[in-house]
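**Student:** Structure provided below as structure tokens; questions to follow.
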Amino acid sequence: MTAVAPVATTPGGSTPKKGGAAGRPSAAAWLVAVPFLAFVGTFLVYPTVLVLFGAFQDSNGAFTLDNLTTLFTGVVFDAFVRSIELSALTALIGAVFGALLTWAIAVGNPDGMLRRVVVAGSGVLAQFGGVPLAFAFLATVGFEGLVTKFLRDNVGIDLFAGSAWLFDLPGLTLVYTFFQIPLMVIVFLPALDGLRPQWREANASLGGTSWTYWRHVGGPILTPPFLGALLLLFANAFSAYATAAALVSQGSPIVPLQIRGFLTGEVVLGQENLGKALGLGMVVVVSIAMGVNVLLQKRVAKWVR
Amino acid sequence: MGSLVKQRVLRTIILLVLGVYFVLPLIAMAEFSTRGREGSRSLESWTSIVDDDGLMEALVNSLLLSVTSAVLMLVLLVPTMAWIRLRLPQLQRLVEFLCLLPLAIPAIVLVVGMAPLYAWVNYFLGDSPLTLTFAYTVLVLPFAYRAVDAGLSAIDLKTLAEAARSLGASWFTVLWKVVVPNIRVALIGASLLSVALVLGEFTIASLLNFDTLQVQVNLLGKRNAGVSIAVSLLCLIFAFVLLFALSYVGQRRRQTVVEE
């Protein structure tokens, strides 16, 4: 059929060398990788390069640093600050409550229904929430939401007395916890599962208390994965777009929404490539978070071994 | 023991508080989407899901996309990854890097670079929403890569391939009759993940102006919140069922490994 089948192995059934490359692969062997590389080159590398290089070009394609210097001024800079604040705050909330929830299901039956439901539900909210999450919030604490109406009619509290907070940063913070806590569960559960019951027993048989266990055993072991998860949650919130876009239709308080503005035509003449500079800025922030995470895990891997 | 009681109490409190926190919006969605006139209950929002032509069309688009993206992902990834393990280990690092790259590039950034690219795609292939297959295959790469990689690591690919080759099988036969059946659980997992991801995707579709499920739900919400909320609840439940099923797929594999 279509798959290239270069019979490069020596005839007569002699086995290729074990491990690593079977000698130098023939030119034909490389052909098999071509479709994948061509596809990824076109639809991943090319758009990425377009953004990263475009950030350094003016509208005529000449080299400039103006787009990048604009990042540090005015509304754009404010959006970056707000995005980072929002991501850091929700990462912290998500990590703390997520870790508690993870602990609560990790000490239970590993094949139990509770754990299954929490893990599957976490997967849904963490990775596929998007637009539905925004509507979940309109139904709950929107102007006519269940909780809003209940508080207004029965308790006499008007949730929107101060401002339309749901459609601004406080609302985004609240909504983001709904995918940050679940993401923490998914990322942190393997670490908690790695705590061996024998360590706890050893601690108890040596006369240790719950406190000494967490202070001297559980805590130190879980700190690196906890910090790693914190960074991942930060990058996750920083990259998130769908929920915010569905919730906030006016104004662009955070960077992803600013980029939406550039894509949907609210562009000032001569700043066509500012959107790409914003993209570059986002990639840099996310890469720093991911990079620190990788360094952290490397150190841990060395230490654990 | 005192500490055990304390642990049980603490656990119950955490589960109760967070349980309410997460279930309340779901209840609110069910309540909101069944509101009728003047405080009565009505299923109007739910029945009008089917009557909304735009919504149904978008749903069909999204379902087709979830299939085409999963197929393209499998076709690109499985032969390449198997081949790299067998014959081209030099490419291992590069392919891993490329597959995980989308994790470092937010979809909102990727779409900035894809907008000019899609001008060309639509020029050559027409402006069918199905052209989103390319973008979505990129988005699912990290998840699919991990699933397929785990599957391939769990089998002795080299020995299996050598055995098949020494019996005269072509490389295509090795792939189709030896590799695929042996890692089918991983392939099912990768496919389910990509289906769920595609059905929930909003960023790229909306900014490239394609009509998919999430784009319609968002649009609809501007005039009829009830229907959008009903569909959103359906999406969440559907994704939950998919992932819940996935947790059993993984378990069956664990058990068979233990039996062997």
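In the structure tokens, chains take the letters A, B, ... in the order shown, each chain's residues start at 1, and ligands count up from 1 in the order shown.
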Pull out every residue of chain B sitting within 6 Å of chain A, counting only C-alpha atoms, and send them as a PyMOL selection string.
**Tutor:** chain B and resi 11+25+28-29+32+76+80+87+89+104-106+109+113-114+166+171-172+200+202-203+229+232+239-240+243-244
**Student:** Once you have the residues from the selection above, write them out as a compact mmCIF listing (two decimals), in the first residue's frame, restricted to N, CA and C atoms.
**Tutor:**
# COMPACT_ATOMS: atom_id res chain seq x y z
N ARG B 11 -11.14 14.84 55.97
CA ARG B 11 -11.43 14.36 54.61
C ARG B 11 -12.89 14.63 54.24
N PRO B 25 -22.66 24.68 40.38
CA PRO B 25 -22.88 25.22 39.03
C PRO B 25 -23.64 24.25 38.12
N ALA B 28 -27.15 24.55 39.06
CA ALA B 28 -27.64 25.84 38.56
C ALA B 28 -27.92 25.78 37.06
N MET B 29 -27.05 25.04 36.34
CA MET B 29 -27.27 24.91 34.90
C MET B 29 -28.56 24.15 34.61
N PHE B 32 -31.43 26.55 35.55
CA PHE B 32 -31.57 27.68 34.62
C PHE B 32 -32.15 27.22 33.28
N LEU B 76 -0.54 9.97 11.12
CA LEU B 76 0.76 10.64 11.15
C LEU B 76 1.66 10.09 12.24
N THR B 80 5.09 6.82 12.21
CA THR B 80 6.33 7.56 12.45
C THR B 80 6.97 7.12 13.76
N ARG B 87 13.92 2.03 13.46
CA ARG B 87 15.00 2.29 12.52
C ARG B 87 15.64 3.67 12.63
N PRO B 89 16.26 6.00 15.49
CA PRO B 89 16.31 6.57 16.85
C PRO B 89 16.90 7.98 16.88
N ALA B 104 3.87 24.59 24.95
CA ALA B 104 4.53 25.85 25.29
C ALA B 104 3.97 27.01 24.49
N ILE B 105 3.18 26.70 23.46
CA ILE B 105 2.62 27.77 22.64
C ILE B 105 1.11 27.79 22.82
N PRO B 106 0.60 28.76 23.57
CA PRO B 106 -0.84 28.82 23.80
C PRO B 106 -1.60 28.86 22.47
N VAL B 109 -1.90 32.06 20.73
CA VAL B 109 -0.72 32.53 20.00
C VAL B 109 -0.59 31.80 18.66
N GLY B 113 -0.45 32.94 14.17
CA GLY B 113 0.36 32.49 13.05
C GLY B 113 -0.44 31.68 12.04
N MET B 114 -1.52 31.07 12.50
CA MET B 114 -2.30 30.22 11.60
C MET B 114 -3.22 31.03 10.70
N SER B 166 10.97 -11.67 9.70
CA SER B 166 11.66 -12.92 9.34
C SER B 166 10.67 -13.93 8.76
N TRP B 171 6.76 -4.20 5.76
CA TRP B 171 6.70 -3.25 6.86
C TRP B 171 5.27 -2.80 7.11
N PHE B 172 4.50 -2.71 6.03
CA PHE B 172 3.11 -2.29 6.21
C PHE B 172 2.34 -3.33 7.02
N GLY B 200 -14.51 20.22 22.42
CA GLY B 200 -14.52 21.34 23.35
C GLY B 200 -13.75 22.56 22.85
N PHE B 202 -12.52 25.90 21.20
CA PHE B 202 -13.20 27.15 20.87
C PHE B 202 -12.24 28.16 20.26
N THR B 203 -11.05 28.30 20.86
CA THR B 203 -10.12 29.37 20.50
C THR B 203 -9.87 29.48 19.00
N ILE B 229 -26.93 27.22 27.86
CA ILE B 229 -26.61 26.57 29.12
C ILE B 229 -26.96 25.09 29.05
N SER B 232 -24.27 23.48 27.03
CA SER B 232 -23.03 23.43 27.81
C SER B 232 -23.07 22.27 28.81
N ALA B 239 -18.43 14.84 27.92
CA ALA B 239 -16.98 14.72 28.15
C ALA B 239 -16.71 13.85 29.38
N PHE B 240 -17.54 14.01 30.41
CA PHE B 240 -17.38 13.22 31.63
C PHE B 240 -17.54 11.73 31.32
N LEU B 243 -14.44 10.42 29.54
CA LEU B 243 -13.26 10.24 30.41
C LEU B 243 -13.49 9.15 31.44
N PHE B 244 -14.73 9.03 31.89
CA PHE B 244 -15.06 7.97 32.85
C PHE B 244 -14.82 6.61 32.19
**Student:** Using DSSP assignments from the backbone, pull out every residue in segment 23-194 of chain B that falls under alpha helix (DSSP H) and give it to me as a compact mmCIF listing (two decimals) with N, CA and C atoms, in the first residue's frame.
**Tutor:**
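Full text of out_22.txt as output:
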# COMPACT_ATOMS: atom_id res chain seq x y z
N VAL B 23 -20.42 21.03 42.36
CA VAL B 23 -21.70 20.52 41.88
C VAL B 23 -22.73 21.64 41.75
N LEU B 24 -22.57 22.68 42.57
CA LEU B 24 -23.54 23.78 42.53
C LEU B 24 -23.73 24.36 41.12
N PRO B 25 -22.66 24.68 40.38
CA PRO B 25 -22.88 25.22 39.03
C PRO B 25 -23.64 24.25 38.12
N LEU B 26 -23.41 22.93 38.32
CA LEU B 26 -24.13 21.96 37.50
C LEU B 26 -25.62 22.01 37.81
N ILE B 27 -25.93 22.07 39.10
CA ILE B 27 -27.34 22.18 39.50
C ILE B 27 -27.94 23.47 38.95
N ALA B 28 -27.15 24.55 39.06
CA ALA B 28 -27.64 25.84 38.56
C ALA B 28 -27.92 25.78 37.06
N MET B 29 -27.05 25.04 36.34
CA MET B 29 -27.27 24.91 34.90
C MET B 29 -28.56 24.15 34.61
N ALA B 30 -28.79 23.08 35.36
CA ALA B 30 -30.02 22.31 35.17
C ALA B 30 -31.23 23.18 35.51
N GLU B 31 -31.11 23.95 36.58
CA GLU B 31 -32.23 24.81 37.00
C GLU B 31 -32.49 25.89 35.96
N PHE B 32 -31.43 26.55 35.55
CA PHE B 32 -31.57 27.68 34.62
C PHE B 32 -32.15 27.22 33.28
N SER B 33 -31.70 26.05 32.82
CA SER B 33 -32.13 25.61 31.48
C SER B 33 -33.54 25.03 31.49
N GLU B 44 -38.37 23.77 27.32
CA GLU B 44 -38.27 24.44 26.03
C GLU B 44 -36.82 24.58 25.57
N SER B 45 -35.93 24.99 26.50
CA SER B 45 -34.53 25.18 26.12
C SER B 45 -33.95 23.88 25.57
N TRP B 46 -34.34 22.76 26.20
CA TRP B 46 -33.77 21.48 25.79
C TRP B 46 -34.34 21.03 24.45
N THR B 47 -35.66 21.21 24.27
CA THR B 47 -36.22 20.75 23.00
C THR B 47 -35.76 21.64 21.85
N SER B 48 -35.51 22.92 22.13
CA SER B 48 -35.12 23.79 21.01
C SER B 48 -33.67 23.55 20.58
N ILE B 49 -32.92 22.73 21.33
CA ILE B 49 -31.57 22.37 20.88
C ILE B 49 -31.67 21.70 19.51
N VAL B 50 -32.60 20.74 19.40
CA VAL B 50 -32.72 19.96 18.17
C VAL B 50 -33.29 20.81 17.04
N ASP B 51 -34.13 21.82 17.42
CA ASP B 51 -34.78 22.62 16.38
C ASP B 51 -33.85 23.68 15.79
N ASP B 53 -31.26 24.89 13.70
CA ASP B 53 -30.50 24.36 12.56
C ASP B 53 -29.02 24.71 12.65
N GLY B 54 -28.73 25.97 13.01
CA GLY B 54 -27.34 26.40 13.10
C GLY B 54 -26.56 25.55 14.08
N LEU B 55 -27.20 25.27 15.21
CA LEU B 55 -26.55 24.49 16.26
C LEU B 55 -26.31 23.06 15.80
N MET B 56 -27.32 22.47 15.16
CA MET B 56 -27.17 21.08 14.72
C MET B 56 -26.07 20.98 13.65
N GLU B 57 -26.06 21.97 12.74
CA GLU B 57 -25.04 21.97 11.70
C GLU B 57 -23.64 22.05 12.33
N ALA B 58 -23.52 22.94 13.32
CA ALA B 58 -22.23 23.10 14.00
C ALA B 58 -21.85 21.82 14.73
N LEU B 59 -22.85 21.15 15.32
CA LEU B 59 -22.58 19.90 16.03
C LEU B 59 -22.04 18.85 15.05
N VAL B 60 -22.69 18.76 13.86
CA VAL B 60 -22.23 17.82 12.85
C VAL B 60 -20.79 18.15 12.45
N ASN B 61 -20.50 19.44 12.23
CA ASN B 61 -19.13 19.86 11.92
C ASN B 61 -18.16 19.36 12.97
N SER B 62 -18.51 19.60 14.25
CA SER B 62 -17.60 19.23 15.33
C SER B 62 -17.41 17.72 15.41
N LEU B 63 -18.51 16.97 15.21
CA LEU B 63 -18.39 15.51 15.27
C LEU B 63 -17.51 14.99 14.13
N LEU B 64 -17.73 15.53 12.91
CA LEU B 64 -16.89 15.13 11.78
C LEU B 64 -15.43 15.46 12.06
N LEU B 65 -15.21 16.69 12.58
CA LEU B 65 -13.85 17.13 12.88
C LEU B 65 -13.18 16.22 13.90
N SER B 66 -13.95 15.77 14.90
CA SER B 66 -13.35 14.93 15.93
C SER B 66 -12.89 13.62 15.32
N VAL B 67 -13.63 13.12 14.30
CA VAL B 67 -13.22 11.89 13.64
C VAL B 67 -12.00 12.14 12.73
N THR B 68 -12.09 13.18 11.88
CA THR B 68 -10.99 13.42 10.94
C THR B 68 -9.69 13.74 11.69
N SER B 69 -9.79 14.50 12.78
CA SER B 69 -8.57 14.86 13.51
C SER B 69 -7.96 13.63 14.16
N ALA B 70 -8.81 12.77 14.74
CA ALA B 70 -8.29 11.56 15.38
C ALA B 70 -7.63 10.67 14.33
N VAL B 71 -8.25 10.54 13.15
CA VAL B 71 -7.69 9.69 12.11
C VAL B 71 -6.35 10.26 11.61
N LEU B 72 -6.32 11.56 11.32
CA LEU B 72 -5.07 12.16 10.84
C LEU B 72 -3.96 12.02 11.89
N MET B 73 -4.34 12.22 13.17
CA MET B 73 -3.37 12.08 14.25
C MET B 73 -2.78 10.66 14.25
N LEU B 74 -3.65 9.65 14.16
CA LEU B 74 -3.17 8.26 14.19
C LEU B 74 -2.30 7.96 12.97
N VAL B 75 -2.75 8.41 11.80
CA VAL B 75 -2.02 8.12 10.56
C VAL B 75 -0.63 8.75 10.58
N LEU B 76 -0.54 9.97 11.12
CA LEU B 76 0.76 10.64 11.15
C LEU B 76 1.66 10.09 12.24
N LEU B 77 1.06 9.84 13.40
CA LEU B 77 1.86 9.57 14.59
C LEU B 77 2.31 8.11 14.70
N VAL B 78 1.39 7.17 14.49
CA VAL B 78 1.71 5.77 14.78
C VAL B 78 2.82 5.21 13.89
N PRO B 79 2.71 5.34 12.55
CA PRO B 79 3.81 4.80 11.74
C PRO B 79 5.14 5.50 12.05
N THR B 80 5.09 6.82 12.21
CA THR B 80 6.33 7.56 12.45
C THR B 80 6.97 7.12 13.76
N MET B 81 6.16 7.06 14.83
CA MET B 81 6.73 6.73 16.13
C MET B 81 7.25 5.30 16.18
N ALA B 82 6.51 4.38 15.53
CA ALA B 82 6.96 2.99 15.50
C ALA B 82 8.26 2.89 14.71
N TRP B 83 8.28 3.57 13.57
CA TRP B 83 9.45 3.54 12.69
C TRP B 83 10.68 4.12 13.39
N ILE B 84 10.48 5.18 14.16
CA ILE B 84 11.59 5.80 14.86
C ILE B 84 12.18 4.84 15.89
N ARG B 85 11.31 4.11 16.56
CA ARG B 85 11.82 3.15 17.53
C ARG B 85 12.57 2.01 16.85
N LEU B 86 12.11 1.65 15.63
CA LEU B 86 12.74 0.52 14.95
C LEU B 86 14.00 0.91 14.20
N GLN B 92 14.25 10.52 17.47
CA GLN B 92 13.45 10.43 18.71
C GLN B 92 13.27 11.78 19.40
N ARG B 93 14.38 12.46 19.65
CA ARG B 93 14.34 13.72 20.41
C ARG B 93 13.57 14.80 19.67
N LEU B 94 13.85 14.92 18.36
CA LEU B 94 13.21 15.95 17.55
C LEU B 94 11.70 15.75 17.54
N VAL B 95 11.27 14.51 17.31
CA VAL B 95 9.83 14.24 17.22
C VAL B 95 9.16 14.51 18.57
N GLU B 96 9.83 14.10 19.64
CA GLU B 96 9.26 14.35 20.97
C GLU B 96 9.11 15.86 21.20
N PHE B 97 10.17 16.59 20.87
CA PHE B 97 10.13 18.04 21.03
C PHE B 97 8.99 18.65 20.23
N LEU B 98 8.86 18.24 18.97
CA LEU B 98 7.82 18.81 18.11
C LEU B 98 6.43 18.48 18.64
N CYS B 99 6.27 17.25 19.13
CA CYS B 99 4.94 16.84 19.62
C CYS B 99 4.57 17.58 20.90
N LEU B 100 5.55 17.88 21.74
CA LEU B 100 5.23 18.55 23.00
C LEU B 100 5.24 20.07 22.87
N ALA B 107 -2.78 28.23 22.45
CA ALA B 107 -3.58 28.19 21.23
C ALA B 107 -3.85 29.60 20.69
N ILE B 108 -4.01 30.56 21.60
CA ILE B 108 -4.30 31.92 21.18
C ILE B 108 -3.11 32.53 20.43
N VAL B 109 -1.90 32.06 20.73
CA VAL B 109 -0.72 32.53 20.00
C VAL B 109 -0.59 31.80 18.66
N LEU B 110 -0.84 30.49 18.72
CA LEU B 110 -0.76 29.67 17.51
C LEU B 110 -1.71 30.21 16.44
N VAL B 111 -2.88 30.65 16.87
CA VAL B 111 -3.89 31.09 15.91
C VAL B 111 -3.44 32.38 15.21
N VAL B 112 -2.62 33.16 15.87
CA VAL B 112 -2.09 34.38 15.23
C VAL B 112 -1.27 34.00 14.00
N GLY B 113 -0.45 32.94 14.17
CA GLY B 113 0.36 32.49 13.05
C GLY B 113 -0.44 31.68 12.04
N MET B 114 -1.52 31.07 12.50
CA MET B 114 -2.30 30.22 11.60
C MET B 114 -3.22 31.03 10.70
N ALA B 115 -3.58 32.23 11.13
CA ALA B 115 -4.52 33.04 10.34
C ALA B 115 -4.02 33.24 8.91
N PRO B 116 -2.76 33.70 8.70
CA PRO B 116 -2.29 33.83 7.31
C PRO B 116 -2.18 32.49 6.60
N LEU B 117 -1.78 31.46 7.35
CA LEU B 117 -1.66 30.12 6.77
C LEU B 117 -3.01 29.63 6.26
N TYR B 118 -4.06 29.90 7.04
CA TYR B 118 -5.38 29.41 6.65
C TYR B 118 -5.95 30.18 5.47
N ALA B 119 -5.44 31.38 5.22
CA ALA B 119 -5.85 32.06 4.00
C ALA B 119 -5.46 31.21 2.80
N TRP B 120 -4.25 30.60 2.87
CA TRP B 120 -3.80 29.72 1.80
C TRP B 120 -4.58 28.42 1.79
N VAL B 121 -4.75 27.82 2.98
CA VAL B 121 -5.48 26.55 3.06
C VAL B 121 -6.86 26.70 2.43
N ASN B 122 -7.55 27.79 2.77
CA ASN B 122 -8.90 27.97 2.26
C ASN B 122 -8.91 28.31 0.78
N TYR B 123 -7.81 28.88 0.30
CA TYR B 123 -7.70 29.17 -1.12
C TYR B 123 -7.59 27.87 -1.90
N PHE B 124 -6.80 26.92 -1.38
CA PHE B 124 -6.58 25.68 -2.11
C PHE B 124 -7.64 24.63 -1.83
N LEU B 125 -8.13 24.55 -0.61
CA LEU B 125 -9.01 23.44 -0.24
C LEU B 125 -10.45 23.88 0.01
N LEU B 132 -10.19 22.62 9.54
CA LEU B 132 -9.68 22.77 10.90
C LEU B 132 -8.97 21.50 11.38
N THR B 133 -9.22 20.38 10.67
CA THR B 133 -8.55 19.12 11.00
C THR B 133 -7.06 19.33 11.23
N PHE B 134 -6.43 20.13 10.37
CA PHE B 134 -4.98 20.35 10.47
C PHE B 134 -4.62 21.02 11.80
N ALA B 135 -5.33 22.09 12.12
CA ALA B 135 -5.03 22.81 13.36
C ALA B 135 -5.29 21.91 14.57
N TYR B 136 -6.39 21.15 14.51
CA TYR B 136 -6.75 20.32 15.67
C TYR B 136 -5.79 19.17 15.86
N THR B 137 -5.28 18.63 14.75
CA THR B 137 -4.30 17.56 14.88
C THR B 137 -3.06 18.08 15.60
N VAL B 138 -2.69 19.34 15.32
CA VAL B 138 -1.56 19.94 16.04
C VAL B 138 -1.88 20.04 17.53
N LEU B 139 -3.11 20.47 17.85
CA LEU B 139 -3.47 20.65 19.26
C LEU B 139 -3.45 19.34 20.04
N VAL B 140 -3.84 18.22 19.38
CA VAL B 140 -3.91 16.97 20.13
C VAL B 140 -2.57 16.26 20.20
N LEU B 141 -1.56 16.75 19.45
CA LEU B 141 -0.27 16.06 19.40
C LEU B 141 0.32 15.71 20.78
N PRO B 142 0.39 16.67 21.73
CA PRO B 142 1.04 16.34 23.00
C PRO B 142 0.34 15.19 23.73
N PHE B 143 -0.98 15.24 23.77
CA PHE B 143 -1.73 14.20 24.49
C PHE B 143 -1.61 12.87 23.77
N ALA B 144 -1.76 12.91 22.43
CA ALA B 144 -1.70 11.69 21.64
C ALA B 144 -0.29 11.09 21.71
N TYR B 145 0.72 11.98 21.65
CA TYR B 145 2.10 11.48 21.69
C TYR B 145 2.35 10.68 22.97
N ARG B 146 1.92 11.26 24.09
CA ARG B 146 2.16 10.57 25.37
C ARG B 146 1.46 9.23 25.41
N ALA B 147 0.20 9.20 24.94
CA ALA B 147 -0.55 7.94 24.97
C ALA B 147 0.11 6.89 24.09
N VAL B 148 0.45 7.28 22.84
CA VAL B 148 1.04 6.32 21.91
C VAL B 148 2.42 5.89 22.41
N ASP B 149 3.19 6.84 22.95
CA ASP B 149 4.52 6.52 23.45
C ASP B 149 4.44 5.49 24.58
N ALA B 150 3.46 5.70 25.49
CA ALA B 150 3.28 4.75 26.58
C ALA B 150 2.92 3.38 26.03
N GLY B 151 2.07 3.35 25.01
CA GLY B 151 1.67 2.09 24.39
C GLY B 151 2.86 1.37 23.78
N LEU B 152 3.69 2.11 23.03
CA LEU B 152 4.83 1.49 22.37
C LEU B 152 5.89 1.03 23.37
N SER B 153 6.01 1.77 24.49
CA SER B 153 7.01 1.39 25.49
C SER B 153 6.62 0.08 26.17
N LEU B 157 8.66 -3.98 20.86
CA LEU B 157 8.43 -3.67 19.45
C LEU B 157 9.48 -4.32 18.55
N LYS B 158 10.75 -4.20 18.94
CA LYS B 158 11.84 -4.71 18.09
C LYS B 158 11.69 -6.20 17.80
N THR B 159 11.47 -6.98 18.89
CA THR B 159 11.35 -8.43 18.72
C THR B 159 10.14 -8.79 17.87
N LEU B 160 9.02 -8.11 18.18
CA LEU B 160 7.80 -8.39 17.41
C LEU B 160 8.03 -8.12 15.93
N ALA B 161 8.64 -6.96 15.64
CA ALA B 161 8.84 -6.58 14.25
C ALA B 161 9.81 -7.54 13.57
N GLU B 162 10.89 -7.91 14.27
CA GLU B 162 11.86 -8.83 13.68
C GLU B 162 11.22 -10.19 13.40
N ALA B 163 10.40 -10.65 14.34
CA ALA B 163 9.72 -11.93 14.15
C ALA B 163 8.85 -11.88 12.89
N ALA B 164 8.06 -10.80 12.78
CA ALA B 164 7.17 -10.68 11.63
C ALA B 164 7.96 -10.56 10.33
N ARG B 165 9.06 -9.78 10.37
CA ARG B 165 9.86 -9.58 9.16
C ARG B 165 10.51 -10.90 8.73
N SER B 166 10.97 -11.67 9.70
CA SER B 166 11.66 -12.92 9.34
C SER B 166 10.67 -13.93 8.76
N TRP B 171 6.76 -4.20 5.76
CA TRP B 171 6.70 -3.25 6.86
C TRP B 171 5.27 -2.80 7.11
N PHE B 172 4.50 -2.71 6.03
CA PHE B 172 3.11 -2.29 6.21
C PHE B 172 2.34 -3.33 7.02
N THR B 173 2.58 -4.61 6.72
CA THR B 173 1.92 -5.68 7.47
C THR B 173 2.35 -5.63 8.94
N VAL B 180 -0.31 -2.18 15.50
CA VAL B 180 -1.61 -1.59 15.83
C VAL B 180 -2.41 -2.46 16.81
N PRO B 181 -2.56 -3.79 16.54
CA PRO B 181 -3.35 -4.59 17.49
C PRO B 181 -2.72 -4.61 18.89
N ASN B 182 -1.38 -4.56 18.94
CA ASN B 182 -0.73 -4.65 20.24
C ASN B 182 -0.84 -3.39 21.08
N ARG B 184 -3.53 -1.27 20.75
CA ARG B 184 -4.85 -0.71 20.46
C ARG B 184 -5.44 0.04 21.64
N VAL B 185 -5.15 -0.42 22.87
CA VAL B 185 -5.70 0.29 24.03
C VAL B 185 -5.17 1.73 24.07
N ALA B 186 -3.87 1.86 23.81
CA ALA B 186 -3.28 3.21 23.78
C ALA B 186 -3.88 4.04 22.66
N LEU B 187 -4.15 3.39 21.53
CA LEU B 187 -4.72 4.11 20.40
C LEU B 187 -6.14 4.56 20.70
N ILE B 188 -6.91 3.69 21.38
CA ILE B 188 -8.27 4.08 21.77
C ILE B 188 -8.20 5.26 22.73
N GLY B 189 -7.26 5.19 23.69
CA GLY B 189 -7.11 6.29 24.64
C GLY B 189 -6.77 7.60 23.94
N ALA B 190 -5.79 7.53 23.03
CA ALA B 190 -5.39 8.74 22.31
C ALA B 190 -6.56 9.29 21.51
N SER B 191 -7.33 8.40 20.90
CA SER B 191 -8.46 8.85 20.07
C SER B 191 -9.54 9.51 20.92
N LEU B 192 -9.87 8.87 22.05
CA LEU B 192 -10.92 9.44 22.92
C LEU B 192 -10.51 10.82 23.41
N LEU B 193 -9.23 10.95 23.80
CA LEU B 193 -8.74 12.25 24.26
C LEU B 193 -8.88 13.30 23.17
N SER B 194 -8.53 12.92 21.94
CA SER B 194 -8.58 13.91 20.88
C SER B 194 -10.03 14.24 20.53
**Student:** Interatomic distance between atom CA of Leu230 of chain A and atom CA of Ala95 of chain A?
**Tutor:**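 That distance, rounded to one decimal, is 5.9 Å.
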**Student:** Which residue gives the smallest distance to Pro225 of chain A among A:Pro170, A:Gly112, A:Pro190, A:Gly156, with only C-alpha atoms counted?
**Tutor:**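 Under the stated criterion, the closest residue is A:Pro190.
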